[in-house]
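Encoded as structure tokens, the structure appears first; notes follow it.
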Amino acid sequence: MSYATASSWVDALSIAMVAASILALWTRSLGRLVLVLAVQSSLLAVAGLVTGIATGDAQVVVAAVVVLAVKAVILPGLLWVVIERTAPTHAVEAYLGSRTSAALGIAVALLLARLLAAQPFRTEIGADRVLATSVSLMVIGLMIMISRRQAVAQIAGFLALENGMALAALTATYGMPLAIELGVLFDLLIVVLVAFVYSRRIHAAFGSLDTQQLRKLRG
Amino acid sequence: MTALSLALLVIPLGGAGIALWCRPLRRAWAVSLATAAVELALAVWLAVRVQTDGAQSGLRGWLYLDSLGALVLCLTALIGFIAILGARDYLGREIEEGHLHVADGAHFFPLTLAFLGTMVAVPLMNNLGLMWVAIEATTVVSALLVGISRSHAGLEAAWKYLMLASVGIALALFGTMMTYYASRGVLGSSNSALQWTHLLAVARSLDPQVMRLAFVFVLVGYGTKAGLAPMHTWLPDAHSQAPSPVSGLLSGVLLNSSIYAILRFRALAVPAIGGGFVDHLLIGFGLMSIIVALPFLTVQGDLKRLFAYSSVEHVGVIVLAVGIGGSVALYAAVLHMVAHSLAKSGAFFSSGAIAQLLGTRRMGRIRGLTKSAPALALALLASVLALGGFPPFAMFTSEFGLVLGAFDQGRGALGVVAALLLALAFAALLFHTAGMVFGEPAPRREEHAARPDLLIVASAAIPILLGIWLGIVPPGPIKDLIRDAAHILEV
């Protein structure tokens, strides 16, 4: 694969990932939220694969495969299990409406694309939108975390945020040393597992996953 | 160095594994205390080697320890040991009074040792990526400790901590990646491109624009974990809801680890992009932290939250001093780090014991401690004086150094403002403490024991006594260590 083809693929995939994040902001169903997340992680893995194949770097290919397993299969699966057990209606409870949050997400993505266009940050293969898209993914992930009330939806937001970072890691700095890449993924997995433990404890203590009950500590 | 560092990394995990199988709790405590003692001895041994033979590097350059790292390492092991020392009786009483399930209590010591192990790893890592992994691991383990009681407030604090710290640390990883991106152009794609020592050697040729972006992400990211305002909002909850031995570790040690990470990146960013940008950011965040903490210190009603907000203030002081720069202020920054660790862990260990003894953390309900618990009253008062920079405590020297350093660098106005803010914060702290220490004690509730346990008092007294020692007659080797560490910051 030539660098030119690969870079246009990576750019297109990264934009598709941002679109997935905006969908995640828009949807009102926890099931669809998890599905969108799994799709986004798969897009990420493909972007990693493309980079790995184009540069001939086996480490990136390995990292992309691990990403696919952990982020597109294991973590969404776990999220789904928690939702099945704890959220009977499967509805997203949020502080912001569908349209408002999606519109805000689009605005953020466009704004960042303009702001970061001038930064001297190109991937090895020449994809030049990765900085803007990965920062957009991080900001939109944060928006999901802030504006959703259920603990599981906040975990999903964190994963979307983390996908933004992984995009930059896999494509821009292609081959952050594999040992570190795997260390990072392992840490992420543990964080999410601990978050699951806590969401179960919150459910046991309060009878629901609504983090609005977690507002006693002030001042 | 390799063998020593690997021992430092493996021993806490091994100890945690053993403690997990130990019943009853006292036996798990004994194992943990022994582990922490070995850890402390190894840390001091390694620090002595660093001081005699210069910076050590091991495992083909993946491990590295200089005076700054050695100082952070020794502080971590020391406070870890003291925290575990007082934890047995604290925990026993929590279980007795039904605040903690026996089954959850059994996880306390293994988790605390694992927490200690992750914190010890931070200064040993030469690779910035692995340093990130270690710092993220501290979040995971300590979040489990913060919510160990499963109380509503504890769960809230743990959840907020886990979410906010994870986001913060994700930003720091992004900054780390940008640094890698910048270094790859110079060092090529290899493991060495993230080794701090390699990066330092070529720092001048790193792309300034990329490094600028990288430093902003790193500062905001690790700054979240260090409790810099305005990213500090999780800190008062987590530090006040955790079991008191853990509160001391969170405030006294973990904040240092995050500051340490920021300092490592600062050493790369300053040569790459010039000092002005970096210094202004540090001064801005430092001042903001002090200013934001002030009103919460003044109107605070909860004893442990009072000290948590005081941590926000003191992290601000350290970062401010680093931002001012110059040899005087940098020395002050390092000394302040040490002094704050000692004073704040003493404050949390004593206030935890007081809260347990009286069954309340509302400062309005605590009166006349000199009569009901004189030893703890003395420890509390001493730690507050230490935190306020009252002579003879070491913080007097460091805060004086901060102001002096500011004038030295031609930022006199900044020094005056900082001194004023610090005085106000001290006044607030002293006002609350005087109310608790003096006066007539409230009628005691029957169910609470009359005397504090000896080990808890010891754990509160040791850091404070060390702080006084450091303030009056700092022993030569420690003085040298602090001076050498400050020297490393002069980039």
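Starting from 1 in every chain, residues are counted up; chains themselves are A, B, ... following the order of the structure tokens, and ligands are numbered from 1 as listed.
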Show me a table, sorted first by chain and then by increasing residue number, of the residues of chain B having an atom at most 6 Å from chain A, each with its shortest atom pair and the distance in Å to one decimal, counting only C-alpha atoms and written as JSON lines.
{"residue": "B:Gly129", "atom": "CA", "partner": "A:Ile180", "partner_atom": "CA", "distance": 5.9}
{"residue": "B:Val140", "atom": "CA", "partner": "A:Val191", "partner_atom": "CA", "distance": 5.9}
{"residue": "B:Glu156", "atom": "CA", "partner": "A:Leu214", "partner_atom": "CA", "distance": 5.0}
{"residue": "B:Tyr181", "atom": "CA", "partner": "A:Thr173", "partner_atom": "CA", "distance": 5.4}
{"residue": "B:Asn191", "atom": "CA", "partner": "A:Pro177", "partner_atom": "CA", "distance": 5.8}
Taking the DSSP secondary structure from the backbone, can you list the residues of range 328-468 of chain B that are alpha helix (DSSP H), as JSON, numbers by chain? {"B": [328, 329, 330, 331, 332, 333, 334, 335, 336, 337, 338, 339, 340, 341, 342, 343, 344, 345, 346, 347, 348, 349, 350, 351, 352, 353, 354, 355, 356, 357, 358, 369, 370, 371, 372, 374, 375, 376, 377, 378, 379, 380, 381, 382, 383, 384, 385, 386, 387, 394, 395, 396, 397, 398, 399, 400, 401, 402, 403, 404, 405, 406, 407, 408, 412, 413, 414, 415, 416, 417, 418, 419, 420, 421, 422, 423, 424, 425, 426, 427, 428, 429, 430, 431, 432, 433, 434, 435, 436, 437, 454, 455, 456, 457, 458, 459, 460, 461, 462, 463, 464, 465, 466, 467, 468]}
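When CA of Asp53 in chain B is paired with CA of Gly476 in chain B, their separation reads 16.9 Å.
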Which residue out of A:Asp128, A:Glu93, A:Asp210, A:Asp11 has the minimum interatomic distance to Val46 in chain A when only C-alpha atoms are used?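 Of all the options, A:Asp11 lies closest to Val46 in chain A.
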Show me, as a ChimeraX atom specification, the residues that have an atom within 10 Å of range 75-80 of chain B when counting only C-alpha atoms, minus same-chain residues fewer than 4 positions from it. /B:8,33,36-44,69-71,84-85,112-113,115-117,119-120,123,245-246,248-249,252-254,256-257,337-338,341-342,345-346,459,462-463
For those residues, write N, CA and C atoms to a file as a tab-separated table (two decimals), in the first residue's frame.
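Resulting contents of selection-v2.tsv:
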chain	number	residue	atom	x	y	z
B	8	LEU	N	12.84	-3.36	45.02
B	8	LEU	CA	11.89	-2.33	45.46
B	8	LEU	C	10.54	-2.48	44.78
B	33	LEU	N	3.87	-4.31	57.67
B	33	LEU	CA	4.83	-3.43	58.32
B	33	LEU	C	6.25	-3.88	58.01
B	36	ALA	N	7.05	-2.92	54.47
B	36	ALA	CA	7.31	-1.49	54.33
B	36	ALA	C	8.67	-1.13	54.93
B	37	ALA	N	9.06	-1.82	56.00
B	37	ALA	CA	10.36	-1.55	56.62
B	37	ALA	C	11.49	-1.93	55.66
B	38	VAL	N	11.37	-3.10	55.03
B	38	VAL	CA	12.38	-3.53	54.06
B	38	VAL	C	12.44	-2.52	52.91
B	39	GLU	N	11.26	-2.10	52.47
B	39	GLU	CA	11.17	-1.14	51.37
B	39	GLU	C	11.91	0.16	51.73
B	40	LEU	N	11.67	0.62	52.96
B	40	LEU	CA	12.31	1.85	53.41
B	40	LEU	C	13.83	1.68	53.44
B	41	ALA	N	14.28	0.54	53.97
B	41	ALA	CA	15.72	0.29	54.05
B	41	ALA	C	16.35	0.28	52.66
B	42	LEU	N	15.68	-0.41	51.71
B	42	LEU	CA	16.21	-0.46	50.34
B	42	LEU	C	16.24	0.92	49.71
B	43	ALA	N	15.19	1.71	49.96
B	43	ALA	CA	15.12	3.05	49.37
B	43	ALA	C	16.27	3.90	49.88
B	44	VAL	N	16.52	3.81	51.19
B	44	VAL	CA	17.60	4.61	51.76
B	44	VAL	C	18.95	4.14	51.21
B	69	GLY	N	14.88	11.92	42.18
B	69	GLY	CA	14.13	10.67	42.27
B	69	GLY	C	14.35	9.99	43.61
B	70	ALA	N	15.61	10.01	44.09
B	70	ALA	CA	15.92	9.35	45.36
B	70	ALA	C	15.16	10.00	46.50
B	71	LEU	N	15.04	11.33	46.45
B	71	LEU	CA	14.31	12.04	47.50
B	71	LEU	C	12.84	11.62	47.50
B	84	ILE	N	1.35	2.63	57.58
B	84	ILE	CA	1.01	1.26	57.92
B	84	ILE	C	1.14	1.02	59.42
B	85	LEU	N	2.14	1.68	60.04
B	85	LEU	CA	2.35	1.55	61.47
B	85	LEU	C	1.07	1.86	62.25
B	112	THR	N	-2.98	-1.47	50.21
B	112	THR	CA	-2.07	-0.40	50.60
B	112	THR	C	-0.64	-0.72	50.14
B	113	LEU	N	-0.25	-1.98	50.28
B	113	LEU	CA	1.10	-2.36	49.81
B	113	LEU	C	1.21	-2.21	48.31
B	115	PHE	N	-0.45	-0.17	46.50
B	115	PHE	CA	-0.42	1.29	46.30
B	115	PHE	C	1.00	1.80	46.50
B	116	LEU	N	1.63	1.35	47.59
B	116	LEU	CA	3.00	1.74	47.88
B	116	LEU	C	3.92	1.32	46.73
B	117	GLY	N	3.73	0.09	46.24
B	117	GLY	CA	4.56	-0.41	45.16
B	117	GLY	C	4.45	0.44	43.90
B	119	MET	N	3.60	3.56	43.75
B	119	MET	CA	4.18	4.89	43.97
B	119	MET	C	5.69	4.84	43.94
B	120	VAL	N	6.26	3.75	44.46
B	120	VAL	CA	7.71	3.57	44.45
B	120	VAL	C	8.21	3.46	43.01
B	123	PRO	N	9.29	7.14	40.58
B	123	PRO	CA	10.60	7.80	40.41
B	123	PRO	C	11.66	6.89	39.81
B	245	PRO	N	-5.17	6.56	57.26
B	245	PRO	CA	-3.80	6.23	56.82
B	245	PRO	C	-3.63	6.44	55.32
B	246	VAL	N	-4.67	6.15	54.56
B	246	VAL	CA	-4.59	6.35	53.11
B	246	VAL	C	-4.64	7.83	52.77
B	248	GLY	N	-3.31	10.17	54.41
B	248	GLY	CA	-1.94	10.64	54.58
B	248	GLY	C	-1.07	10.27	53.39
B	249	LEU	N	-1.27	9.08	52.85
B	249	LEU	CA	-0.49	8.66	51.68
B	249	LEU	C	-0.88	9.45	50.45
B	252	GLY	N	0.29	13.13	51.25
B	252	GLY	CA	1.70	13.28	51.57
B	252	GLY	C	2.63	12.73	50.51
B	253	VAL	N	2.19	11.72	49.76
B	253	VAL	CA	3.11	11.05	48.85
B	253	VAL	C	2.66	11.09	47.39
B	254	LEU	N	1.38	10.76	47.17
B	254	LEU	CA	0.93	10.62	45.79
B	254	LEU	C	1.01	11.95	45.04
B	256	ASN	N	3.20	14.18	45.44
B	256	ASN	CA	4.60	14.33	45.04
B	256	ASN	C	4.90	13.59	43.74
B	257	SER	N	4.35	12.38	43.61
B	257	SER	CA	4.64	11.60	42.41
B	257	SER	C	4.20	12.35	41.17
B	337	MET	N	8.33	20.45	49.29
B	337	MET	CA	7.78	19.13	48.98
B	337	MET	C	8.01	18.18	50.17
B	338	VAL	N	9.23	18.18	50.68
B	338	VAL	CA	9.56	17.30	51.81
B	338	VAL	C	8.77	17.72	53.05
B	341	SER	N	5.07	16.85	52.84
B	341	SER	CA	4.81	15.42	53.02
B	341	SER	C	4.75	15.07	54.50
B	342	LEU	N	5.74	15.55	55.25
B	342	LEU	CA	5.81	15.21	56.67
B	342	LEU	C	4.65	15.84	57.43
B	345	SER	N	1.07	14.40	56.34
B	345	SER	CA	0.74	13.06	56.80
B	345	SER	C	0.51	13.08	58.31
B	346	GLY	N	1.31	13.86	59.04
B	346	GLY	CA	1.06	14.00	60.47
B	346	GLY	C	-0.33	14.55	60.74
B	459	SER	N	2.25	7.22	64.94
B	459	SER	CA	2.24	7.50	63.51
B	459	SER	C	1.98	8.98	63.24
B	462	ILE	N	5.59	10.87	64.66
B	462	ILE	CA	6.88	10.68	63.97
B	462	ILE	C	7.10	11.69	62.84
B	463	PRO	N	6.13	11.83	61.90
B	463	PRO	CA	6.40	12.79	60.82
B	463	PRO	C	6.58	14.22	61.33
When you look at Val70 in chain A with a cut-off of 10 Å (counting only C-alpha atoms), what residues show up, excluding the ones that are within fewer than 3 positions of it in the same chain? I need them as an NGL selection string. :A and (41 or 64-67 or 73-77 or 185-186 or 188-189)
I'd like the neighbourhood of Ala91 in chain A as number ranges by chain, where a residue qualifies if any of its atoms comes within 10 Å (using only C-alpha atoms), though same-chain residues fewer than 4 positions away should be ignored. A: 27-33, 83, 87, 150
Please produce a file of those selected residues containing C-alpha atoms, as an mmCIF file, in the first residue's frame.
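Generated output (again-v8.cif):
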data_model
loop_
_atom_site.group_PDB
_atom_site.id
_atom_site.type_symbol
_atom_site.label_atom_id
_atom_site.label_comp_id
_atom_site.auth_asym_id
_atom_site.auth_seq_id
_atom_site.Cartn_x
_atom_site.Cartn_y
_atom_site.Cartn_z
ATOM 1 C CA THR A 27 -28.293 8.333 20.915
ATOM 2 C CA ARG A 28 -30.705 7.800 23.801
ATOM 3 C CA SER A 29 -30.283 4.057 24.037
ATOM 4 C CA LEU A 30 -27.541 2.521 26.150
ATOM 5 C CA GLY A 31 -27.419 -0.495 23.846
ATOM 6 C CA ARG A 32 -26.781 1.646 20.791
ATOM 7 C CA LEU A 33 -24.226 3.673 22.713
ATOM 8 C CA ILE A 83 -26.328 -2.581 31.436
ATOM 9 C CA ALA A 87 -30.433 -0.507 33.776
ATOM 10 C CA GLN A 150 -25.464 6.808 34.522
#
Name the residues in contact with Leu115 in chain A at a cut-off of 12 Å, using only C-alpha atoms, excluding same-chain residues fewer than 6 positions from it; report them as number ranges by chain. A: 108-109, 129, 131-133, 135-136
From A:Val34, A:Ala63, A:Ala113, A:Ala103, residue lying nearest Thr51 in chain A [only C-alpha atoms]: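 Selected residue with least distance to Thr51 in chain A: A:Ala63.
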For Leu124 in chain B, work out the shell of residues within 8 Å, counting only C-alpha atoms and skipping chain neighbours fewer than 5 positions away, then give it as a PyMOL selection string. chain B and resi 5+63-65+69+73
Please produce a file of the residues just selected, as an mmCIF file, in the first residue's frame, where the atoms kept are C-alpha atoms.
data_model
loop_
_atom_site.group_PDB
_atom_site.id
_atom_site.type_symbol
_atom_site.label_atom_id
_atom_site.label_comp_id
_atom_site.auth_asym_id
_atom_site.auth_seq_id
_atom_site.Cartn_x
_atom_site.Cartn_y
_atom_site.Cartn_z
ATOM 1 C CA SER B 5 15.275 -1.386 42.113
ATOM 2 C CA LEU B 63 15.574 2.460 35.206
ATOM 3 C CA TYR B 64 17.142 5.692 36.354
ATOM 4 C CA LEU B 65 17.474 7.424 39.679
ATOM 5 C CA GLY B 69 14.133 10.674 42.270
ATOM 6 C CA LEU B 73 11.527 7.522 46.634
#
